[in-house]
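Structure, as structure tokens:
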Amino acid sequence: HCGTMVSTAFLRERMQRAAMGTHPNLSQKESEIEALAMQALQRGELEHARGLCDAMLAANPGSPIALRLLGLVHMLGRHYEAAIDAFTR
């Protein structure tokens with residue numbers, strides 16, 4: 001299905017960008033939460049990572065870092081439409 005191929009390519013690109021590291025302008029607390037969320041993702045703890053993303057978004061609703069991480073959570077949970085939504089918000 002063509003739409004699936006586009007979505008897969010889009011998500012693969014976003015995953016590669018996410019692997020590039022932390023954003024240099026984050027506060028210390030945001031950096032710590034981002035690191036914890038990435039560690040949770042690496043361990044496959046999607047609910048824990050989702051909670052950390054939600055906490056970041058509660059403090060800063062437009063946080064590109066939190067939205068990127070939330071997109072990864074959704075992608076790894078195979079919720080592709082939600083992942084695309086988070087990545088493009």
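Lettering and numbering for the structure tokens are positional, with chains as A, B, ... in the shown order, residues counted from 1 in each chain, and ligands counted from 1 in the shown order.
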
**OP:** For Ser27 in chain A, please output as a ChimeraX atom specification all residues within 12 Å (counting only C-alpha atoms; exclusion window: fewer than 6 positions along the same chain).
**Re:** /A:33-34,56,59-60,63,65

Grab the residues selected above and save them as a CSV table (one decimal), in the first residue's frame with C-alpha atoms.
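Written out: again-v9.csv:
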```csv
chain,number,residue,atom,x,y,z
A,33,ILE,CA,13.7,14.0,31.4
A,34,GLU,CA,14.7,13.5,27.7
A,56,MET,CA,7.3,17.5,29.5
A,59,ALA,CA,5.2,22.0,31.3
A,60,ASN,CA,5.8,23.0,27.7
A,63,SER,CA,8.1,21.2,23.2
A,65,ILE,CA,11.7,17.4,22.1
```

**OP:** Excluding Ala55 in chain A and residues on its chain fewer than 2 positions from it, collect all residues at most 12 Å away from it, counting only C-alpha atoms, and give them as number ranges by chain.
**Re:** A: 29-30, 33-34, 36-37, 48-53, 57-61, 63, 65-67, 69-70

**OP:** Record the distance separating CA of Ser31 in chain A and CA of Val73 in chain A, expressed in Å with one decimal.
**Re:** 17.4 Å

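We find CA of Gly77 in chain A and CA of Gln28 in chain A to be spaced 28.0 Å apart.
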
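For the choices A:His74, A:Gly62, A:Ile84, A:His79, the atom-to-atom distance to Glu45 in chain A is smallest for A:His74 when using only C-alpha atoms.
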
Subject >> Nearest-residue call for Met75 in chain A, choices A:Phe87, A:Glu32, A:Met38, A:Arg43, using only C-alpha atoms >> reply: A:Phe87
